[in-house]
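Okay, coords.cif is below, mmCIF, C-alpha atoms:
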```
data_model
loop_
_atom_site.label_atom_id
_atom_site.label_comp_id
_atom_site.auth_asym_id
_atom_site.auth_seq_id
_atom_site.Cartn_x
_atom_site.Cartn_y
_atom_site.Cartn_z
CA MET A 130 53.84 -103.12 -11.37
CA GLU A 131 56.58 -100.50 -11.46
CA MET A 132 57.67 -101.02 -7.84
CA LYS A 133 58.63 -104.61 -8.68
CA ASP A 134 61.58 -103.24 -10.63
CA GLN A 135 64.28 -103.60 -7.97
CA SER A 136 66.74 -101.41 -9.87
CA VAL A 137 64.26 -98.53 -9.74
CA HIS A 138 63.73 -99.16 -6.03
CA GLN A 139 67.50 -99.07 -5.42
CA GLU A 140 67.91 -95.87 -7.44
CA ILE A 141 65.22 -94.14 -5.36
CA GLN A 142 66.84 -95.28 -2.11
CA GLU A 143 70.09 -93.69 -3.31
CA PHE A 144 68.20 -90.58 -4.36
CA LEU A 145 66.72 -90.17 -0.88
CA LYS A 146 70.19 -90.35 0.68
CA SER A 147 71.63 -87.81 -1.76
CA GLU A 148 72.36 -84.24 -0.64
CA LYS A 149 71.86 -82.91 -4.20
CA LYS A 150 68.36 -84.10 -4.96
CA SER A 151 67.51 -81.17 -7.24
CA GLU A 152 70.32 -82.12 -9.64
CA ARG A 153 69.01 -85.63 -10.23
CA ARG A 154 66.50 -85.93 -13.10
CA LEU A 155 63.63 -88.24 -12.18
CA SER A 156 61.63 -90.19 -14.73
CA GLU A 157 57.91 -90.80 -14.32
CA ILE A 158 58.69 -94.34 -13.13
CA HIS A 159 61.08 -92.93 -10.53
CA CYS A 160 58.35 -90.55 -9.31
CA SER A 161 55.86 -93.39 -8.89
CA ALA A 162 58.43 -95.34 -6.88
CA LEU A 163 59.31 -92.30 -4.78
CA ALA A 164 55.64 -91.58 -4.03
CA TYR A 165 55.16 -95.18 -2.90
CA LEU A 166 58.18 -95.10 -0.58
CA LEU A 167 57.17 -91.76 0.93
CA GLN A 168 53.67 -93.06 1.61
CA MET A 169 54.96 -96.25 3.25
CA SER A 170 57.59 -94.50 5.36
CA GLU A 171 57.06 -94.52 9.13
CA GLU A 172 58.57 -91.02 9.24
CA VAL A 173 56.15 -88.22 8.40
CA LEU A 174 57.66 -85.78 5.90
CA ASP A 175 57.79 -82.17 7.14
CA GLU A 176 57.31 -80.69 3.67
CA LEU A 177 56.63 -81.96 0.17
CA ASN A 178 57.20 -79.31 -2.50
CA LEU A 179 56.74 -80.89 -5.91
CA GLN A 180 58.42 -77.96 -7.66
CA GLN A 181 61.71 -78.92 -6.04
CA TYR A 182 61.88 -82.20 -7.92
CA ASN A 183 63.66 -82.23 -11.27
CA THR A 184 61.04 -84.00 -13.36
CA SER A 185 58.27 -83.39 -15.88
CA GLU A 186 54.74 -82.26 -15.04
CA LYS A 187 53.57 -85.84 -15.48
CA GLY A 188 56.27 -86.90 -13.03
CA ARG A 189 55.09 -84.35 -10.46
CA ARG A 190 51.55 -85.61 -10.82
CA ARG A 191 52.74 -89.10 -9.95
CA LEU A 192 54.19 -87.73 -6.70
CA ILE A 193 50.87 -86.29 -5.52
CA PRO A 194 49.74 -89.41 -3.56
CA ALA A 195 52.65 -88.79 -1.15
CA VAL A 196 50.56 -85.95 0.28
CA ARG A 197 49.12 -88.57 2.63
CA ASN A 198 52.33 -88.68 4.65
CA CYS A 199 53.44 -85.05 4.97
CA ARG A 200 52.64 -82.08 7.17
CA LYS A 201 53.09 -79.34 4.57
CA GLU A 202 52.21 -79.75 0.90
CA GLU A 203 53.08 -77.26 -1.87
CA LEU A 204 50.92 -77.97 -4.94
CA SER A 205 50.98 -74.57 -6.62
CA ASP A 206 51.41 -73.61 -10.27
CA SER A 207 48.74 -75.25 -12.39
CA PHE A 208 50.07 -78.76 -13.00
CA LEU A 209 47.21 -80.53 -11.18
CA LEU A 210 44.29 -82.06 -13.03
CA THR A 211 40.70 -82.14 -11.84
CA SER A 212 41.10 -85.82 -10.86
CA HIS A 213 43.82 -84.94 -8.34
CA TRP A 214 41.48 -83.06 -6.01
CA GLU A 215 40.05 -86.40 -4.85
CA VAL A 216 43.57 -87.54 -3.90
CA VAL A 217 44.15 -84.37 -1.88
CA ALA A 218 40.72 -84.63 -0.22
CA SER A 219 41.47 -88.23 0.75
CA ALA A 220 44.75 -87.15 2.41
CA MET A 221 42.83 -84.57 4.43
CA THR A 222 40.51 -87.21 5.87
CA SER A 223 42.91 -90.12 6.37
CA ASN A 224 43.26 -91.59 9.85
CA PRO A 225 45.40 -90.05 11.09
CA SER A 226 45.65 -87.02 8.84
CA HIS A 227 49.11 -85.46 9.09
CA LEU A 228 48.41 -82.56 6.72
CA ARG A 229 48.57 -79.18 8.46
CA GLU A 230 49.49 -76.77 5.64
CA LEU A 231 48.19 -76.93 2.07
CA SER A 232 49.04 -74.53 -0.75
CA LEU A 233 47.03 -74.88 -3.97
CA SER A 234 47.66 -71.41 -5.38
CA LYS A 235 47.77 -70.73 -9.13
CA ASN A 236 45.82 -73.85 -10.02
CA LYS A 237 43.32 -72.92 -12.70
CA SER A 238 41.81 -76.40 -12.54
CA LEU A 239 40.67 -75.66 -8.97
CA THR A 240 37.26 -74.17 -9.69
CA ASP A 241 34.27 -73.81 -7.38
CA ALA A 242 33.48 -77.52 -7.90
CA GLY A 243 36.98 -78.51 -6.74
CA VAL A 244 36.71 -76.31 -3.66
CA LYS A 245 33.38 -77.93 -2.81
CA LEU A 246 35.10 -81.33 -2.87
CA LEU A 247 37.91 -80.10 -0.62
CA CYS A 248 35.39 -78.47 1.72
CA SER A 249 33.59 -81.76 2.21
CA ALA A 250 36.96 -83.14 3.38
CA MET A 251 37.44 -80.18 5.72
CA MET A 252 34.17 -81.08 7.45
CA HIS A 253 35.58 -84.50 8.35
CA PRO A 254 36.56 -84.86 12.04
CA ASN A 255 39.97 -86.27 11.02
CA CYS A 256 40.91 -83.06 9.20
CA ARG A 257 43.41 -80.95 11.16
CA LEU A 258 44.35 -78.44 8.47
CA GLU A 259 45.75 -75.18 9.90
CA THR A 260 46.83 -73.28 6.76
CA LEU A 261 45.01 -73.17 3.42
CA ARG A 262 46.26 -71.08 0.48
CA LEU A 263 43.99 -70.75 -2.55
CA SER A 264 45.27 -67.54 -4.17
CA ARG A 265 45.08 -67.08 -7.94
CA CYS A 266 42.71 -69.98 -8.55
CA SER A 267 39.42 -69.71 -10.45
CA LEU A 268 37.16 -69.15 -7.48
CA SER A 269 34.01 -67.08 -7.12
CA GLU A 270 31.58 -66.24 -4.33
CA ILE A 271 30.26 -69.83 -4.60
CA SER A 272 33.55 -71.05 -3.09
CA CYS A 273 33.07 -68.71 -0.13
CA ASP A 274 29.72 -70.38 0.56
CA SER A 275 31.37 -73.83 0.51
CA LEU A 276 34.24 -72.67 2.73
CA ALA A 277 31.94 -71.01 5.25
CA SER A 278 29.83 -74.16 5.54
CA ALA A 279 32.89 -76.37 5.96
CA LEU A 280 34.59 -74.17 8.50
CA ARG A 281 31.46 -73.79 10.59
CA SER A 282 31.36 -77.59 10.81
CA ASN A 283 35.01 -77.91 11.83
CA PRO A 284 36.17 -74.39 12.68
CA SER A 285 38.70 -74.73 15.44
CA HIS A 286 41.85 -75.77 13.52
CA LEU A 287 42.28 -73.32 10.62
CA ARG A 288 44.64 -70.47 11.46
CA VAL A 289 45.64 -69.06 8.02
CA LEU A 290 43.35 -68.57 5.01
CA ASP A 291 44.55 -66.94 1.77
CA LEU A 292 41.94 -66.30 -0.93
CA SER A 293 43.80 -63.49 -2.68
CA TRP A 294 43.51 -62.78 -6.41
CA ASN A 295 40.10 -64.44 -6.79
CA GLN A 296 36.95 -62.63 -7.91
CA LEU A 297 35.09 -63.17 -4.64
CA LYS A 298 33.46 -59.72 -4.59
CA ASP A 299 31.29 -58.39 -1.77
CA PRO A 300 28.69 -61.23 -1.77
CA GLY A 301 31.49 -63.78 -1.40
CA VAL A 302 33.04 -62.04 1.61
CA LYS A 303 29.61 -61.64 3.19
CA ARG A 304 29.17 -65.43 2.99
CA LEU A 305 32.62 -66.00 4.43
CA CYS A 306 31.83 -63.75 7.38
CA GLY A 307 29.38 -66.39 8.62
CA PHE A 308 32.43 -68.48 9.53
CA LEU A 309 34.30 -65.54 11.05
CA GLN A 310 31.41 -64.91 13.46
CA ASP A 311 31.51 -68.46 14.82
CA PRO A 312 32.77 -68.45 18.43
CA LEU A 313 34.90 -71.51 17.64
CA CYS A 314 36.68 -69.71 14.79
CA LYS A 315 40.37 -69.32 15.63
CA LEU A 316 41.52 -67.74 12.36
CA GLU A 317 44.65 -65.61 12.86
CA THR A 318 45.55 -64.58 9.27
CA LEU A 319 43.10 -63.61 6.51
CA ARG A 320 44.38 -62.48 3.10
CA LEU A 321 41.90 -61.03 0.61
CA LYS A 322 44.18 -59.14 -1.78
CA TYR A 323 42.72 -58.19 -5.17
CA CYS A 324 39.31 -59.77 -4.63
CA SER A 325 37.21 -56.93 -6.17
CA LEU A 326 35.95 -55.75 -2.79
CA SER A 327 34.28 -52.46 -1.87
CA GLU A 328 33.35 -50.78 1.40
CA ILE A 329 30.41 -53.22 1.64
CA SER A 330 32.94 -55.97 2.41
CA CYS A 331 34.56 -53.81 5.10
CA ASP A 332 31.15 -53.41 6.73
CA SER A 333 30.66 -57.20 6.65
CA LEU A 334 34.16 -57.87 7.98
CA GLY A 335 33.84 -55.24 10.69
CA SER A 336 30.55 -56.69 11.90
CA ALA A 337 31.89 -60.24 11.89
CA LEU A 338 35.13 -59.39 13.64
CA ARG A 339 33.43 -57.30 16.31
CA SER A 340 31.41 -60.37 17.25
CA ASN A 341 34.54 -62.55 17.45
CA PRO A 342 37.48 -60.14 17.54
CA SER A 343 40.12 -61.71 19.72
CA HIS A 344 41.97 -64.10 17.39
CA LEU A 345 42.68 -62.29 14.11
CA ARG A 346 46.24 -60.96 13.98
CA VAL A 347 46.86 -60.30 10.25
CA LEU A 348 44.41 -58.77 7.76
CA ASP A 349 45.43 -57.98 4.17
CA LEU A 350 42.94 -56.06 2.00
CA SER A 351 45.44 -54.69 -0.50
CA TYR A 352 44.64 -54.00 -4.16
CA ASN A 353 40.87 -53.69 -3.69
CA GLN A 354 38.73 -50.70 -4.59
CA LEU A 355 38.61 -49.51 -1.00
CA GLN A 356 38.69 -45.83 -0.20
CA ASP A 357 38.10 -43.55 2.80
CA PRO A 358 34.60 -44.76 3.83
CA ALA A 359 35.86 -48.34 3.91
CA VAL A 360 38.78 -47.39 6.17
CA LYS A 361 36.43 -45.63 8.58
CA LEU A 362 34.24 -48.72 8.82
CA LEU A 363 37.15 -51.02 9.52
CA CYS A 364 38.76 -48.67 12.01
CA GLY A 365 35.64 -49.13 14.12
CA PHE A 366 36.77 -52.74 14.50
CA LEU A 367 40.33 -51.64 15.32
CA GLN A 368 39.02 -49.62 18.24
CA ASP A 369 37.20 -52.58 19.80
CA PRO A 370 38.79 -53.29 23.20
CA LEU A 371 39.00 -57.00 22.33
CA CYS A 372 40.67 -56.41 18.96
CA GLU A 373 44.22 -57.76 18.85
CA LEU A 374 45.01 -57.15 15.19
CA GLU A 375 48.78 -56.74 14.76
CA THR A 376 49.21 -56.37 10.98
CA LEU A 377 47.03 -54.36 8.59
CA ARG A 378 47.95 -54.10 4.91
CA TRP A 379 46.03 -51.70 2.72
CA LEU A 380 48.18 -51.19 -0.36
CA HIS A 381 46.51 -49.87 -3.49
CA TYR A 382 47.11 -51.05 -7.00
CA SER A 383 49.48 -48.99 -9.06
CA GLN A 384 51.95 -49.77 -11.79
CA LYS A 385 55.24 -49.19 -10.04
CA PRO A 386 56.89 -46.19 -11.68
CA LYS A 387 60.48 -46.14 -12.77
CA PRO A 388 62.67 -43.83 -10.68
CA ALA A 389 63.36 -41.69 -13.75
CA SER A 390 59.68 -41.04 -14.31
CA LEU A 391 59.32 -40.09 -10.66
CA LEU A 392 62.02 -37.50 -11.00
CA LYS A 393 60.13 -35.97 -13.91
CA GLY A 394 56.99 -35.80 -11.83
CA GLN A 395 55.14 -38.42 -13.86
CA GLN A 396 52.65 -40.53 -11.93
CA THR A 397 50.23 -43.27 -12.88
CA LYS A 398 46.54 -43.19 -12.09
CA ARG A 399 45.67 -45.15 -8.97
CA LEU A 400 42.83 -45.89 -6.58
CA GLN A 401 43.74 -44.43 -3.24
CA LEU A 402 43.11 -43.43 0.32
CA SER A 403 43.41 -39.81 1.36
CA LYS A 404 44.19 -37.84 4.50
CA THR A 405 40.67 -38.65 5.75
CA SER A 406 41.78 -42.28 6.10
CA CYS A 407 44.89 -41.19 7.98
CA ASP A 408 42.67 -39.48 10.54
CA SER A 409 40.65 -42.70 10.99
CA VAL A 410 43.81 -44.82 11.35
CA ALA A 411 45.36 -42.33 13.79
CA SER A 412 42.26 -42.55 15.99
CA ALA A 413 42.56 -46.33 15.96
CA LEU A 414 46.26 -46.19 16.88
CA LYS A 415 45.46 -43.98 19.85
CA SER A 416 42.70 -46.19 21.23
CA ASN A 417 43.76 -49.69 20.18
CA LEU A 418 45.72 -50.40 23.36
CA SER A 419 48.89 -50.90 21.35
CA HIS A 420 48.29 -54.21 19.52
CA LEU A 421 48.97 -52.97 15.96
CA ARG A 422 52.61 -53.66 15.06
CA VAL A 423 52.66 -53.53 11.23
CA LEU A 424 50.81 -50.96 9.10
CA ASP A 425 51.30 -50.66 5.35
CA LEU A 426 49.54 -47.85 3.47
CA SER A 427 51.89 -47.78 0.49
CA TYR A 428 50.80 -46.64 -2.98
CA ASN A 429 48.12 -44.33 -1.59
CA THR A 430 48.22 -40.59 -2.24
CA LEU A 431 48.32 -39.65 1.44
CA GLN A 432 50.54 -36.59 0.84
CA ASP A 433 51.96 -34.46 3.63
CA PRO A 434 48.64 -33.49 5.30
CA GLY A 435 47.69 -37.16 5.57
CA VAL A 436 51.00 -38.15 7.13
CA LYS A 437 50.72 -35.27 9.58
CA LEU A 438 47.37 -36.66 10.74
CA LEU A 439 48.84 -40.16 10.95
CA CYS A 440 51.66 -38.82 13.11
CA SER A 441 49.17 -37.81 15.79
CA GLY A 442 48.57 -41.54 16.24
CA LEU A 443 52.31 -42.34 16.20
CA GLU A 444 52.85 -39.84 19.01
CA SER A 445 50.37 -41.63 21.28
CA PRO A 446 51.87 -43.59 24.18
CA ASN A 447 49.43 -46.40 23.26
CA CYS A 448 51.04 -46.77 19.82
CA LYS A 449 53.50 -49.67 19.64
CA LEU A 450 53.90 -49.72 15.85
CA GLU A 451 57.15 -51.44 14.75
CA ARG A 452 56.87 -51.30 10.92
CA LEU A 453 55.27 -48.56 8.82
CA GLY A 454 55.03 -48.67 5.02
CA LEU A 455 54.55 -45.34 3.20
CA CYS A 456 56.11 -46.23 -0.15
CA TYR A 457 55.00 -44.02 -3.10
CA CYS A 458 52.62 -41.84 -1.10
CA SER A 459 53.50 -38.46 -2.73
CA LEU A 460 55.44 -37.22 0.29
CA SER A 461 57.91 -34.32 0.63
CA GLU A 462 60.36 -33.11 3.26
CA ILE A 463 57.37 -31.84 5.27
CA SER A 464 56.39 -35.47 5.99
CA CYS A 465 59.96 -36.23 7.09
CA GLY A 466 59.67 -33.40 9.59
CA SER A 467 56.29 -34.64 10.86
CA LEU A 468 57.56 -38.19 11.23
CA ALA A 469 60.75 -37.07 12.97
CA SER A 470 58.74 -35.03 15.45
CA ALA A 471 56.37 -37.93 16.15
CA LEU A 472 59.19 -40.42 16.64
CA ARG A 473 61.00 -38.12 19.03
CA SER A 474 57.81 -38.10 21.13
CA ASN A 475 57.44 -41.90 21.02
CA PRO A 476 60.83 -43.25 19.91
CA SER A 477 61.15 -46.72 21.35
CA HIS A 478 59.06 -48.97 19.09
CA LEU A 479 59.34 -48.19 15.36
CA ARG A 480 62.02 -50.41 13.79
CA GLU A 481 61.28 -50.14 10.07
CA LEU A 482 60.02 -47.19 8.01
CA ASP A 483 59.63 -47.47 4.22
CA LEU A 484 59.58 -44.11 2.41
CA SER A 485 60.88 -45.37 -0.94
CA LEU A 486 59.60 -43.94 -4.26
CA ASN A 487 58.66 -40.60 -2.68
CA ASN A 488 61.40 -38.58 -4.43
CA LEU A 489 62.95 -37.51 -1.12
CA GLN A 490 66.45 -36.08 -1.02
CA ASP A 491 69.21 -37.31 1.26
CA SER A 492 69.11 -34.09 3.24
CA GLU A 493 65.39 -34.63 3.95
CA LEU A 494 65.88 -38.25 5.01
CA LYS A 495 68.68 -37.15 7.34
CA LEU A 496 65.99 -35.69 9.61
CA LEU A 497 64.96 -39.28 10.33
CA SER A 498 68.34 -41.00 10.22
CA ASP A 499 69.60 -38.74 12.98
CA LEU A 500 67.00 -40.07 15.43
#
```

Let's see the structure in the file written out as structure tokens.
Amino acid sequence: MEMKDQSVHQEIQEFLKSEKKSERRLSEIHCSALAYLLQMSEEVLDELNLQQYNTSEKGRRRLIPAVRNCRKEELSDSFLLTSHWEVVASAMTSNPSHLRELSLSKNKSLTDAGVKLLCSAMMHPNCRLETLRLSRCSLSEISCDSLASALRSNPSHLRVLDLSWNQLKDPGVKRLCGFLQDPLCKLETLRLKYCSLSEISCDSLGSALRSNPSHLRVLDLSYNQLQDPAVKLLCGFLQDPLCELETLRWLHYSQKPKPASLLKGQQTKRLQLSKTSCDSVASALKSNLSHLRVLDLSYNTLQDPGVKLLCSGLESPNCKLERLGLCYCSLSEISCGSLASALRSNPSHLRELDLSLNNLQDSELKLLSDL
């Protein structure tokens, strides 16, 4: 057995005491020894990020069993094999289970079958997982069904769920909403970027969140094919008196233009919200009793009329917005004037305003910098 090699054991002890761990190249045998020591340690590791170890992919795989004795595990970037999901699932159900945050993003081997295995672990009463990141895996709506079933069985611990960049589509989100409606659900952050969603998903989300609205703080629906009708549906949720959403991100996909092409007036085709959406959001800002703190509508062709409508919400004394993203929204100096006027009416809260890639001149931006 490799751990019987006392020289390897001594080398790993020295490695653990070193302040320059990333500079030390670890062999596969070293990784096996390190995993053993970490598992046996009485001290629970705060974070285990396998990418920080200077070793081969095979070496990183040998470190995976150490997940049993850490609070935060970073297992992203496609080096896991199908067989490793059983190791992770076992760590989630160990007694006691220390694991609170698990990132499995960018693992193509994590298919619907792998998620089903992990979900069976999440149903276990020992599981105390609070953050689960599964972005850029190979998941479909089937995974949403597994997740919803698992989280309904043990719903009170998970606070952050990231399913971005998976082809979940509307049926997948509808299945997931079964969990969101559970009165024991305490989810605070939900990320569904680039999941091929339409306004049907917004209807499902709005219905679910109205039935259990008080916990969600961050919702990210960026890079989906969502347009004005979808915004109107979701803004109904924002106006619920129990809604405490603080961050809403609704960026739209666009190839970021080079500054030179902007100056020439060249723009790429993009899916977008219009001024109609700004009217819906402004209504929500006026009636939302000031919970929304971060709003990002970048890469939408809002144009000056849209921003003018949005400013009617910014002027409201109920609006406590601290960060507003309007990057690449086809704005001119007229929008600078509208924003300046709104912020003079309600100046005390906004701390960050992003107007980049709008081809605005320094003289136009001075209207805002003088506030």

Exercise. Name the closest residue to A:Ala279 among the candidates A:Ser416, A:Ser498, A:Thr184, A:Ser249; distances are taken between atoms, counting all atoms listed in the file.
Key: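 Comparing A:Ser416, A:Ser498, A:Thr184, A:Ser249 against A:Ala279, the winner is A:Ser249.
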
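Here the question is which of A:Leu472, A:Val216, A:Cys248, A:Ile463 gets nearest to A:Ser445 using only C-alpha atoms, and that residue is A:Leu472.
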
Exercise. Find the spatial neighbours of A:Ile141, counting all atoms listed in the file, within a cut-off of 12 Å - ignore same-chain residues fewer than 4 positions away - and output them as a list of chain:residue names.
Key: A:Met132, A:Asp134, A:Gln135, A:Ser136, A:Val137, A:Leu145, A:Lys146, A:Ser147, A:Lys150, A:Arg153, A:Arg154, A:Leu155, A:Ser156, A:Ile158, A:His159, A:Cys160, A:Ser161, A:Ala162, A:Leu163, A:Ala164, A:Tyr165, A:Leu166, A:Leu167

Quiz item: Which residues, written as JSON, numbers by chain, have at least one atom at most 12 Å from stretch 296-304 of chain A, with all atoms listed in the file counted and residues fewer than 3 positions away on the same chain left out?
Solution: {"A": [240, 241, 263, 264, 265, 266, 267, 268, 269, 270, 271, 272, 273, 274, 275, 276, 277, 278, 279, 280, 281, 292, 293, 307, 308, 309, 310, 319, 320, 321, 322, 323, 324, 325, 326, 327, 328, 329, 330, 331, 332, 333, 334, 335, 336, 337, 350, 353, 354, 355]}

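Once A:Asp425 and its same-chain neighbours fewer than 6 positions away are set aside, Leu377, Arg378, Trp379, Leu380, Arg452, Leu453, Gly454 and Leu455 of chain A remain within 8 Å of it when counting all atoms listed in the file.
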
Could you save those same residues with C-alpha atoms as a JSON list (two decimals), in the coordinates of the input?
```json
[["chain", "number", "residue", "atom", "x", "y", "z"],
["A", 377, "LEU", "CA", 47.03, -54.36, 8.59],
["A", 378, "ARG", "CA", 47.95, -54.10, 4.91],
["A", 379, "TRP", "CA", 46.03, -51.70, 2.72],
["A", 380, "LEU", "CA", 48.18, -51.19, -0.36],
["A", 452, "ARG", "CA", 56.87, -51.30, 10.92],
["A", 453, "LEU", "CA", 55.27, -48.56, 8.82],
["A", 454, "GLY", "CA", 55.03, -48.67, 5.02],
["A", 455, "LEU", "CA", 54.55, -45.34, 3.20]]
```

Exercise. Counting only C-alpha atoms, find the residues whose atoms lie at most 7 Å from (45.0, -78.1, 8.7) (file coordinates) and write them out as JSON, numbers by chain.
Key: {"A": [228, 229, 230, 256, 257, 258, 259, 260, 286, 287]}

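The gap separating atom CA of A:Thr318 from atom CA of A:Leu233 is 16.8 Å, in Å to one decimal.
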
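Of note, atom CA of A:Asp291 and atom CA of A:Lys187 are spaced 27.1 Å apart.
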
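Nearest residue to A:Cys372 among A:Cys306, A:Leu431, A:Ala359, A:Val347 is A:Val347, counting all atoms listed in the file.
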
Practice problem: Between atom CA of A:Leu479 and atom CA of A:Leu450, measure the distance and give it in Å to one decimal. | Solution: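 These atoms are spaced 5.7 Å apart.
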
Quiz prompt | Nearest residue to A:Ser151 from the set A:Ser467, A:Ser441, A:Gln180, A:Ser406 (distances using all atoms listed in the file) | solution =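 Selected residue with least distance to A:Ser151: A:Gln180.
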
Self-check item: Protein, DNA and RNA residues within 12 Å of (52.4, -50.5, 10.0), all atoms listed in the file, as a PyMOL selection string
Solution: chain A and resi 347-349+374-380+410-411+414+419-427+439+442-443+448-456+478-483

Practice problem: Tell me, as number ranges by chain, which residues lie within 9 Å of A:Glu186, counting only C-alpha atoms; anything in the same chain fewer than 5 positions away does not count. | Solution: A: 191, 208-209

Self-check item: Contact residues around stretch 488-497 of chain A with only C-alpha atoms at 9 Å, ignoring same-chain residues under 4 positions, as a PyMOL selection string
Solution: chain A and resi 388+391-392+457+459-463+465-466+468-469+472+484

Would you compute, for all listed atoms of stretch 249-267 of chain A, the axis-aligned bounding box grown by 5 Å on each side, and then report its centre and edge lengths in Å rounded to one decimal, as lines of an AutoDock Vina configuration file?
```
center_x = 40.2
center_y = -76.7
center_z = 0.8
size_x = 23.2
size_y = 29.2
size_z = 32.5
```

Exercise. Please write as a ChimeraX atom specification the full residue list that the PyMOL selection byres ((chain A and resi 178) around 8) yields on this file.
Key: /A:176-177,179-182,202-204

Same residues, C-alpha atoms, output as a PDB file, in the coordinates of the input:
```pdb
ATOM      1  CA  GLU A 176      57.310 -80.690   3.670  1.00  0.00           C
ATOM      2  CA  LEU A 177      56.630 -81.960   0.170  1.00  0.00           C
ATOM      3  CA  LEU A 179      56.740 -80.890  -5.910  1.00  0.00           C
ATOM      4  CA  GLN A 180      58.420 -77.960  -7.660  1.00  0.00           C
ATOM      5  CA  GLN A 181      61.710 -78.920  -6.040  1.00  0.00           C
ATOM      6  CA  TYR A 182      61.880 -82.200  -7.920  1.00  0.00           C
ATOM      7  CA  GLU A 202      52.210 -79.750   0.900  1.00  0.00           C
ATOM      8  CA  GLU A 203      53.080 -77.260  -1.870  1.00  0.00           C
ATOM      9  CA  LEU A 204      50.920 -77.970  -4.940  1.00  0.00           C
TER      10      LEU A 204
END
```

Output stretch 340-345 of chain A with all heavy atoms present, as a CSV table (one decimal), keeping the file's coordinate frame.
```csv
chain,number,residue,atom,x,y,z
A,340,SER,N,32.1,-59.3,16.5
A,340,SER,CA,31.4,-60.4,17.2
A,340,SER,C,32.4,-61.5,17.7
A,340,SER,O,32.0,-62.3,18.6
A,340,SER,CB,30.3,-61.0,16.4
A,340,SER,OG,30.8,-61.7,15.3
A,341,ASN,N,33.5,-61.5,17.1
A,341,ASN,CA,34.5,-62.6,17.4
A,341,ASN,C,35.9,-62.0,17.2
A,341,ASN,O,36.6,-62.4,16.3
A,341,ASN,CB,34.3,-63.8,16.6
A,341,ASN,CG,35.2,-65.0,17.0
A,341,ASN,OD1,35.7,-65.0,18.1
A,341,ASN,ND2,35.5,-65.9,16.1
A,342,PRO,N,36.3,-61.0,18.0
A,342,PRO,CA,37.5,-60.1,17.5
A,342,PRO,C,38.8,-60.6,18.1
A,342,PRO,O,39.8,-60.1,17.7
A,342,PRO,CB,37.1,-58.8,18.2
A,342,PRO,CG,36.4,-59.1,19.4
A,342,PRO,CD,35.7,-60.4,19.1
A,343,SER,N,38.9,-61.6,18.9
A,343,SER,CA,40.1,-61.7,19.7
A,343,SER,C,41.2,-62.5,19.1
A,343,SER,O,42.3,-62.6,19.6
A,343,SER,CB,39.8,-62.3,21.1
A,343,SER,OG,39.2,-63.6,20.9
A,344,HIS,N,41.0,-63.2,17.9
A,344,HIS,CA,42.0,-64.1,17.4
A,344,HIS,C,42.7,-63.5,16.2
A,344,HIS,O,43.9,-63.8,16.0
A,344,HIS,CB,41.3,-65.4,17.0
A,344,HIS,CG,40.7,-66.2,18.2
A,344,HIS,ND1,41.5,-66.7,19.2
A,344,HIS,CD2,39.4,-66.4,18.5
A,344,HIS,CE1,40.7,-67.3,20.1
A,344,HIS,NE2,39.5,-67.1,19.7
A,345,LEU,N,42.0,-62.8,15.3
A,345,LEU,CA,42.7,-62.3,14.1
A,345,LEU,C,43.9,-61.4,14.4
A,345,LEU,O,43.8,-60.4,15.1
A,345,LEU,CB,41.7,-61.6,13.2
A,345,LEU,CG,42.1,-61.5,11.8
A,345,LEU,CD1,42.0,-62.8,11.1
A,345,LEU,CD2,41.2,-60.4,11.0
```
